[in-house]
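Chemist: Shown below is the structure under consideration.
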Amino acid sequence: MELVRSVFDDRVDDIESYFELVNNIEVAISLGGAVLHFNGNSYTVKPEQQKIMYSSIYLHLYNLIESTISTLIDAVERHATLGINGKLDLLTENMRKLYVTSVAAPYELLTNEKRLEKALLLFEQVLNLKPINIRIPPGGGGNWDVTEIEKLSKSIGVNVSLSPPLKQKVMRPFRDDKNPIRLIKEIRNKLAHGSISFAECGSNHVASDFRKLIDIVKDYLKYIIDQYDAYLSQQGYKTSAQTAV
């Protein structure tokens with residue numbers, strides 16, 4: 001889990017550094033204007049530019065969410081592959097379902113040749129004719145929110161029951177009657193698909209709103225990381241009979 005925490009800390013540092021810039025520009029504007037001086041010239045930050053900077057925080061936060069979930073999935077795949085040492089019968093029912101789904105791809109539109117190829121690969125891995133690589137279907141990639149993260153975690157067997165105080169912070173409406181994580185996902189998608197401009201997105205915002213939003217996301221993801229850490233430490237991908245040995 002060191003890699004997961006390292007990536008998380010790096011992304012958080014990026015966000016905090018960017019927020020520091022945005023916050024100080026807001027303070028400067030409130031005191032008369034944010035002015036850059038260089039080579040004897042000066043440049044004043046425009047209101048539209050400030051809005052664009054605000055909206056970019058949503059992208060930074062979604063990047064943090066998606067990178068954290070991606071690295072957690074990688075960690076589970078890596079630990080499970082090494083932990084079972086080629087013995088598929090050691091996997092829990094949850095992990096076996098994910099393994100078969102990832103190899104056979106039953107929900108994908110495939111040609112007959114491709115489906116046969118995947119069936120043969122599954123057959124060869126089960127017989128140890130080829131090395132086993134546990135893969136977890138990506139699920140909510142591009143649409144990660146509390147619901148999708150909980151759905152993924154449940155499919156793996158990771159407990160993500162939030163404590164009452166954390167659940168209140170994470171599920172309480174933050175803006176436009178949406179909870180913080182859902183809000184970030186939806187705004188990110190609107191920006192990515194061009195249905196809203198960066199300037200429009202950043203309207204009617206202040207830096208203090210983002211300070212709260214950043215802290216909520218950090219607290220939530222730290223909890224998720226801790227739950228996955230506990231799952232891997234206890235070899236939660238193995239059947240109970242095997243983990244007790």
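Starting from 1 in every chain, residues are counted up; chains themselves are A, B, ... following the order of the structure tokens, and ligands are numbered from 1 as listed.
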Do you have, as a tab-separated table, the list of residues of range 12-47 of chain A lying at most 10 Å from range 214-226 of chain A, each with its nearest atom pair and that distance in Å to one decimal, counting only C-alpha atoms and ordered by chain then number?
Modeler:
```
residue	atom	partner	partner_atom	distance
A:Val12	CA	A:Lys218	CA	7.8
A:Ile15	CA	A:Ile214	CA	8.1
A:Glu16	CA	A:Ile214	CA	8.5
A:Phe19	CA	A:Ile214	CA	9.2
```
Chemist: List the neighbours of Ile187 in chain A out to 12 Å using only C-alpha atoms; skip same-chain residues closer than 6 positions along the sequence, and give me the result as a ChimeraX atom specification.
Modeler: /A:55-62,142-143,145,175-176,178,180-181,193-198,200-202
Chemist: Near Asn24 in chain A, within 12 Å and counting only C-alpha atoms, which residues show up once chain neighbours fewer than 4 positions away are dropped, as an NGL selection string?
Modeler: :A and (17-20 or 28-31 or 33-35 or 45 or 50 or 53 or 206-208)
Chemist: Residues of the last selection are to be written out with C-alpha atoms, as a PDB file, in the first residue's frame.
Modeler:
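File produced: result.pdb:
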```pdb
ATOM      1  CA  SER A  17      -0.299  23.897  -3.975  1.00  0.00           C
ATOM      2  CA  TYR A  18      -2.893  24.927  -6.544  1.00  0.00           C
ATOM      3  CA  PHE A  19      -5.385  25.902  -3.838  1.00  0.00           C
ATOM      4  CA  GLU A  20      -2.741  28.080  -2.177  1.00  0.00           C
ATOM      5  CA  ALA A  28      -5.193  39.914  -3.469  1.00  0.00           C
ATOM      6  CA  ILE A  29      -8.292  40.734  -5.549  1.00  0.00           C
ATOM      7  CA  SER A  30     -10.275  41.509  -2.411  1.00  0.00           C
ATOM      8  CA  LEU A  31      -7.537  43.986  -1.406  1.00  0.00           C
ATOM      9  CA  GLY A  33      -6.365  43.457  -7.399  1.00  0.00           C
ATOM     10  CA  ALA A  34      -4.019  40.560  -8.112  1.00  0.00           C
ATOM     11  CA  VAL A  35      -1.218  42.112 -10.135  1.00  0.00           C
ATOM     12  CA  VAL A  45      -5.677  38.855 -13.159  1.00  0.00           C
ATOM     13  CA  GLN A  50     -10.199  33.653 -11.563  1.00  0.00           C
ATOM     14  CA  MET A  53      -8.906  28.724 -11.872  1.00  0.00           C
ATOM     15  CA  VAL A 206     -15.159  31.376  -3.293  1.00  0.00           C
ATOM     16  CA  ALA A 207     -11.962  29.731  -2.126  1.00  0.00           C
ATOM     17  CA  SER A 208     -13.417  28.793   1.270  1.00  0.00           C
TER      18      SER A 208
END
```
Chemist: Please identify all polymer residues within 12 Å of Ser153 in chain A, counting only C-alpha atoms, omitting same-chain residues fewer than 4 positions from it, and present them as a ChimeraX atom specification.
Modeler: /A:69,72-73,76,94-95,98,136-140,144,146-149,157-161,224-225,227-228,231,236-237
Chemist: Only N, CA and C atoms, please: the residues just picked out, written as a PDB file, in the first residue's frame.
Modeler:
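Ended up saving to again_13.pdb:
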```pdb
ATOM      1  N   ILE A  69      -8.577   5.235  -6.642  1.00  0.00           N
ATOM      2  CA  ILE A  69      -9.293   3.990  -6.892  1.00  0.00           C
ATOM      3  C   ILE A  69      -8.503   3.097  -7.834  1.00  0.00           C
ATOM      4  N   LEU A  72      -5.683   1.471  -5.969  1.00  0.00           N
ATOM      5  CA  LEU A  72      -6.212   0.460  -5.044  1.00  0.00           C
ATOM      6  C   LEU A  72      -6.562  -0.825  -5.800  1.00  0.00           C
ATOM      7  N   ILE A  73      -7.179  -0.678  -6.970  1.00  0.00           N
ATOM      8  CA  ILE A  73      -7.496  -1.855  -7.790  1.00  0.00           C
ATOM      9  C   ILE A  73      -6.202  -2.581  -8.170  1.00  0.00           C
ATOM     10  N   VAL A  76      -4.905  -4.586  -5.181  1.00  0.00           N
ATOM     11  CA  VAL A  76      -5.651  -5.822  -4.943  1.00  0.00           C
ATOM     12  C   VAL A  76      -5.260  -6.881  -5.973  1.00  0.00           C
ATOM     13  N   ASN A  94     -16.242 -13.977  -4.258  1.00  0.00           N
ATOM     14  CA  ASN A  94     -16.257 -12.646  -4.875  1.00  0.00           C
ATOM     15  C   ASN A  94     -15.117 -12.483  -5.869  1.00  0.00           C
ATOM     16  N   MET A  95     -13.909 -12.851  -5.435  1.00  0.00           N
ATOM     17  CA  MET A  95     -12.739 -12.670  -6.291  1.00  0.00           C
ATOM     18  C   MET A  95     -12.754 -13.629  -7.473  1.00  0.00           C
ATOM     19  N   LEU A  98     -14.912 -12.075 -10.128  1.00  0.00           N
ATOM     20  CA  LEU A  98     -14.208 -10.983 -10.797  1.00  0.00           C
ATOM     21  C   LEU A  98     -13.151 -11.531 -11.751  1.00  0.00           C
ATOM     22  N   ILE A 136      -9.330  -7.044 -12.179  1.00  0.00           N
ATOM     23  CA  ILE A 136     -10.638  -6.601 -11.705  1.00  0.00           C
ATOM     24  C   ILE A 136     -11.244  -5.681 -12.751  1.00  0.00           C
ATOM     25  N   PRO A 137     -12.431  -6.000 -13.268  1.00  0.00           N
ATOM     26  CA  PRO A 137     -13.074  -5.126 -14.251  1.00  0.00           C
ATOM     27  C   PRO A 137     -13.166  -3.706 -13.710  1.00  0.00           C
ATOM     28  N   PRO A 138     -12.841  -2.681 -14.511  1.00  0.00           N
ATOM     29  CA  PRO A 138     -12.728  -1.301 -14.037  1.00  0.00           C
ATOM     30  C   PRO A 138     -13.991  -0.697 -13.457  1.00  0.00           C
ATOM     31  N   GLY A 139     -15.168  -1.192 -13.834  1.00  0.00           N
ATOM     32  CA  GLY A 139     -16.405  -0.687 -13.232  1.00  0.00           C
ATOM     33  C   GLY A 139     -16.667   0.771 -13.549  1.00  0.00           C
ATOM     34  N   GLY A 140     -16.587   1.626 -12.511  1.00  0.00           N
ATOM     35  CA  GLY A 140     -17.024   3.018 -12.662  1.00  0.00           C
ATOM     36  C   GLY A 140     -16.014   3.982 -13.213  1.00  0.00           C
ATOM     37  N   TRP A 144     -16.570   7.757 -11.088  1.00  0.00           N
ATOM     38  CA  TRP A 144     -16.404   7.350  -9.696  1.00  0.00           C
ATOM     39  C   TRP A 144     -17.101   8.332  -8.749  1.00  0.00           C
ATOM     40  N   VAL A 146     -19.472   7.998  -4.665  1.00  0.00           N
ATOM     41  CA  VAL A 146     -19.609   7.143  -3.476  1.00  0.00           C
ATOM     42  C   VAL A 146     -20.316   5.830  -3.820  1.00  0.00           C
ATOM     43  N   THR A 147     -21.353   5.904  -4.651  1.00  0.00           N
ATOM     44  CA  THR A 147     -22.106   4.705  -5.013  1.00  0.00           C
ATOM     45  C   THR A 147     -21.253   3.715  -5.787  1.00  0.00           C
ATOM     46  N   GLU A 148     -20.518   4.201  -6.776  1.00  0.00           N
ATOM     47  CA  GLU A 148     -19.676   3.311  -7.597  1.00  0.00           C
ATOM     48  C   GLU A 148     -18.511   2.742  -6.794  1.00  0.00           C
ATOM     49  N   ILE A 149     -17.933   3.538  -5.915  1.00  0.00           N
ATOM     50  CA  ILE A 149     -16.821   3.067  -5.086  1.00  0.00           C
ATOM     51  C   ILE A 149     -17.308   1.980  -4.121  1.00  0.00           C
ATOM     52  N   GLY A 157     -15.054  -7.447  -1.843  1.00  0.00           N
ATOM     53  CA  GLY A 157     -15.163  -7.967  -0.481  1.00  0.00           C
ATOM     54  C   GLY A 157     -14.590  -7.028   0.555  1.00  0.00           C
ATOM     55  N   VAL A 158     -14.429  -5.758   0.187  1.00  0.00           N
ATOM     56  CA  VAL A 158     -13.880  -4.753   1.104  1.00  0.00           C
ATOM     57  C   VAL A 158     -15.035  -4.033   1.801  1.00  0.00           C
ATOM     58  N   ASN A 159     -14.955  -3.945   3.119  1.00  0.00           N
ATOM     59  CA  ASN A 159     -15.981  -3.261   3.900  1.00  0.00           C
ATOM     60  C   ASN A 159     -15.754  -1.753   3.877  1.00  0.00           C
ATOM     61  N   VAL A 160     -16.733  -0.992   3.398  1.00  0.00           N
ATOM     62  CA  VAL A 160     -16.604   0.464   3.379  1.00  0.00           C
ATOM     63  C   VAL A 160     -17.784   1.129   4.085  1.00  0.00           C
ATOM     64  N   SER A 161     -18.148   0.573   5.228  1.00  0.00           N
ATOM     65  CA  SER A 161     -19.223   1.163   6.030  1.00  0.00           C
ATOM     66  C   SER A 161     -18.689   2.404   6.733  1.00  0.00           C
ATOM     67  N   ILE A 224     -11.074   5.130   2.767  1.00  0.00           N
ATOM     68  CA  ILE A 224     -11.142   4.057   1.770  1.00  0.00           C
ATOM     69  C   ILE A 224      -9.792   3.331   1.676  1.00  0.00           C
ATOM     70  N   ILE A 225      -8.712   4.100   1.657  1.00  0.00           N
ATOM     71  CA  ILE A 225      -7.374   3.501   1.601  1.00  0.00           C
ATOM     72  C   ILE A 225      -7.134   2.607   2.817  1.00  0.00           C
ATOM     73  N   GLN A 227      -9.327   1.026   4.601  1.00  0.00           N
ATOM     74  CA  GLN A 227     -10.138  -0.194   4.521  1.00  0.00           C
ATOM     75  C   GLN A 227      -9.526  -1.205   3.552  1.00  0.00           C
ATOM     76  N   TYR A 228      -8.995  -0.727   2.459  1.00  0.00           N
ATOM     77  CA  TYR A 228      -8.326  -1.627   1.508  1.00  0.00           C
ATOM     78  C   TYR A 228      -7.024  -2.161   2.107  1.00  0.00           C
ATOM     79  N   TYR A 231      -7.948  -4.953   4.346  1.00  0.00           N
ATOM     80  CA  TYR A 231      -8.359  -6.094   3.515  1.00  0.00           C
ATOM     81  C   TYR A 231      -7.136  -6.858   3.014  1.00  0.00           C
ATOM     82  N   GLY A 236      -7.850 -10.685   2.512  1.00  0.00           N
ATOM     83  CA  GLY A 236      -9.293 -10.819   2.343  1.00  0.00           C
ATOM     84  C   GLY A 236      -9.715 -11.440   1.030  1.00  0.00           C
ATOM     85  N   TYR A 237      -8.797 -11.557   0.090  1.00  0.00           N
ATOM     86  CA  TYR A 237      -9.100 -12.186  -1.200  1.00  0.00           C
ATOM     87  C   TYR A 237      -9.074 -13.705  -1.124  1.00  0.00           C
TER      88      TYR A 237
END
```
Chemist: Find the spatial neighbours of Thr81 in chain A, counting only C-alpha atoms, within a cut-off of 10 Å - ignore same-chain residues fewer than 4 positions away - and output them as a PDB file with N, CA and C atoms, in the first residue's frame.
Modeler:
```pdb
ATOM      1  N   ALA A  75      -3.438  -2.604  -6.560  1.00  0.00           N
ATOM      2  CA  ALA A  75      -2.874  -3.236  -5.361  1.00  0.00           C
ATOM      3  C   ALA A  75      -3.574  -4.561  -5.064  1.00  0.00           C
ATOM      4  N   VAL A  76      -4.905  -4.586  -5.181  1.00  0.00           N
ATOM      5  CA  VAL A  76      -5.651  -5.822  -4.943  1.00  0.00           C
ATOM      6  C   VAL A  76      -5.260  -6.881  -5.973  1.00  0.00           C
ATOM      7  N   GLU A  77      -5.189  -6.488  -7.241  1.00  0.00           N
ATOM      8  CA  GLU A  77      -4.804  -7.424  -8.298  1.00  0.00           C
ATOM      9  C   GLU A  77      -3.419  -8.014  -8.027  1.00  0.00           C
ATOM     10  N   ASN A  85      -0.672 -17.746  -5.500  1.00  0.00           N
ATOM     11  CA  ASN A  85       0.402 -18.536  -6.117  1.00  0.00           C
ATOM     12  C   ASN A  85      -0.123 -19.550  -7.139  1.00  0.00           C
ATOM     13  N   GLY A  86      -1.041 -19.081  -7.997  1.00  0.00           N
ATOM     14  CA  GLY A  86      -1.555 -19.939  -9.060  1.00  0.00           C
ATOM     15  C   GLY A  86      -2.674 -20.878  -8.655  1.00  0.00           C
ATOM     16  N   LYS A  87      -3.116 -20.821  -7.403  1.00  0.00           N
ATOM     17  CA  LYS A  87      -4.160 -21.736  -6.922  1.00  0.00           C
ATOM     18  C   LYS A  87      -5.490 -20.987  -6.832  1.00  0.00           C
ATOM     19  N   LEU A  88      -6.291 -21.107  -7.874  1.00  0.00           N
ATOM     20  CA  LEU A  88      -7.545 -20.367  -7.951  1.00  0.00           C
ATOM     21  C   LEU A  88      -8.541 -20.767  -6.866  1.00  0.00           C
ATOM     22  N   LEU A  91      -9.104 -18.416  -3.857  1.00  0.00           N
ATOM     23  CA  LEU A  91      -9.827 -17.144  -3.957  1.00  0.00           C
ATOM     24  C   LEU A  91     -11.210 -17.240  -3.321  1.00  0.00           C
ATOM     25  N   PRO A 131       0.384 -18.546 -16.746  1.00  0.00           N
ATOM     26  CA  PRO A 131       0.342 -17.879 -15.445  1.00  0.00           C
ATOM     27  C   PRO A 131      -0.965 -17.124 -15.220  1.00  0.00           C
ATOM     28  N   ILE A 132      -1.423 -17.138 -13.987  1.00  0.00           N
ATOM     29  CA  ILE A 132      -2.673 -16.475 -13.630  1.00  0.00           C
ATOM     30  C   ILE A 132      -2.383 -15.022 -13.250  1.00  0.00           C
ATOM     31  N   ASN A 133      -3.125 -14.121 -13.850  1.00  0.00           N
ATOM     32  CA  ASN A 133      -3.047 -12.709 -13.495  1.00  0.00           C
ATOM     33  C   ASN A 133      -4.441 -12.238 -13.115  1.00  0.00           C
ATOM     34  N   ILE A 134      -4.640 -11.992 -11.838  1.00  0.00           N
ATOM     35  CA  ILE A 134      -5.949 -11.542 -11.379  1.00  0.00           C
ATOM     36  C   ILE A 134      -6.187 -10.126 -11.876  1.00  0.00           C
ATOM     37  N   ARG A 135      -7.312  -9.932 -12.550  1.00  0.00           N
ATOM     38  CA  ARG A 135      -7.699  -8.611 -13.020  1.00  0.00           C
ATOM     39  C   ARG A 135      -9.105  -8.300 -12.523  1.00  0.00           C
ATOM     40  N   TYR A 237      -8.797 -11.557   0.090  1.00  0.00           N
ATOM     41  CA  TYR A 237      -9.100 -12.186  -1.200  1.00  0.00           C
ATOM     42  C   TYR A 237      -9.074 -13.705  -1.124  1.00  0.00           C
TER      43      TYR A 237
END
```
Chemist: Which of range 14-245 of chain A end up as strand (DSSP E) when DSSP is run on this backbone - answer as a ChimeraX atom specification?
Modeler: /A:35-38,41-44
Chemist: Got time to write the residues from that selection, N, CA and C atoms, as a PDB file, in the first residue's frame?
Modeler:
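Output file part_2.pdb follows:
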```
ATOM      1  N   VAL A  35      -2.042  41.552  -9.061  1.00  0.00           N
ATOM      2  CA  VAL A  35      -1.218  42.112 -10.135  1.00  0.00           C
ATOM      3  C   VAL A  35       0.131  41.407 -10.190  1.00  0.00           C
ATOM      4  N   LEU A  36       0.508  40.951 -11.382  1.00  0.00           N
ATOM      5  CA  LEU A  36       1.810  40.332 -11.595  1.00  0.00           C
ATOM      6  C   LEU A  36       2.757  41.371 -12.174  1.00  0.00           C
ATOM      7  N   HIS A  37       3.965  41.450 -11.627  1.00  0.00           N
ATOM      8  CA  HIS A  37       4.966  42.398 -12.110  1.00  0.00           C
ATOM      9  C   HIS A  37       6.141  41.635 -12.717  1.00  0.00           C
ATOM     10  N   PHE A  38       6.539  42.017 -13.937  1.00  0.00           N
ATOM     11  CA  PHE A  38       7.658  41.348 -14.598  1.00  0.00           C
ATOM     12  C   PHE A  38       8.236  42.258 -15.673  1.00  0.00           C
ATOM     13  N   ASN A  41       6.800  45.514 -16.449  1.00  0.00           N
ATOM     14  CA  ASN A  41       5.390  45.518 -16.832  1.00  0.00           C
ATOM     15  C   ASN A  41       4.538  44.958 -15.694  1.00  0.00           C
ATOM     16  N   SER A  42       3.248  45.124 -15.815  1.00  0.00           N
ATOM     17  CA  SER A  42       2.327  44.572 -14.824  1.00  0.00           C
ATOM     18  C   SER A  42       1.135  43.949 -15.539  1.00  0.00           C
ATOM     19  N   TYR A  43       0.569  42.941 -14.900  1.00  0.00           N
ATOM     20  CA  TYR A  43      -0.594  42.255 -15.477  1.00  0.00           C
ATOM     21  C   TYR A  43      -1.585  41.984 -14.359  1.00  0.00           C
ATOM     22  N   THR A  44      -2.826  42.376 -14.566  1.00  0.00           N
ATOM     23  CA  THR A  44      -3.869  42.178 -13.569  1.00  0.00           C
ATOM     24  C   THR A  44      -4.709  40.959 -13.917  1.00  0.00           C
TER      25      THR A  44
END
```
Chemist: Using Å and a single decimal, report how far CA of Lys185 in chain A sits from CA of Val22 in chain A.
Modeler: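 Spanning CA of Val22 in chain A to CA of Lys185 in chain A is a straight-line distance of 20.9 Å.
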Chemist: Run DSSP on the backbone and give me the residues of range 19-141 of chain A it puts in helix (DSSP H, G or I), as a PyMOL selection string.
Modeler: chain A and resi 19-30+47-84+88-90+93-104+112-126
Chemist: One number please: CA of Arg11 in chain A to CA of Arg211 in chain A, in Å, one decimal.
Modeler: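 Answer for the CA of Arg11 in chain A to CA of Arg211 in chain A separation: 15.4 Å.
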Chemist: Please measure the separation of CA of Lys212 in chain A and CA of Pro165 in chain A, giving the value in Å to one decimal.
Modeler: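 Distance between the two atoms: 15.0 Å.
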Chemist: Would you mind telling me which residue in A:Arg188, A:Phe123, A:Thr111, A:Arg78 lies nearest to Leu232 in chain A when using only C-alpha atoms?
Modeler: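 Going through A:Arg188, A:Phe123, A:Thr111, A:Arg78 one by one, the smallest distance to Leu232 in chain A is for A:Arg78.
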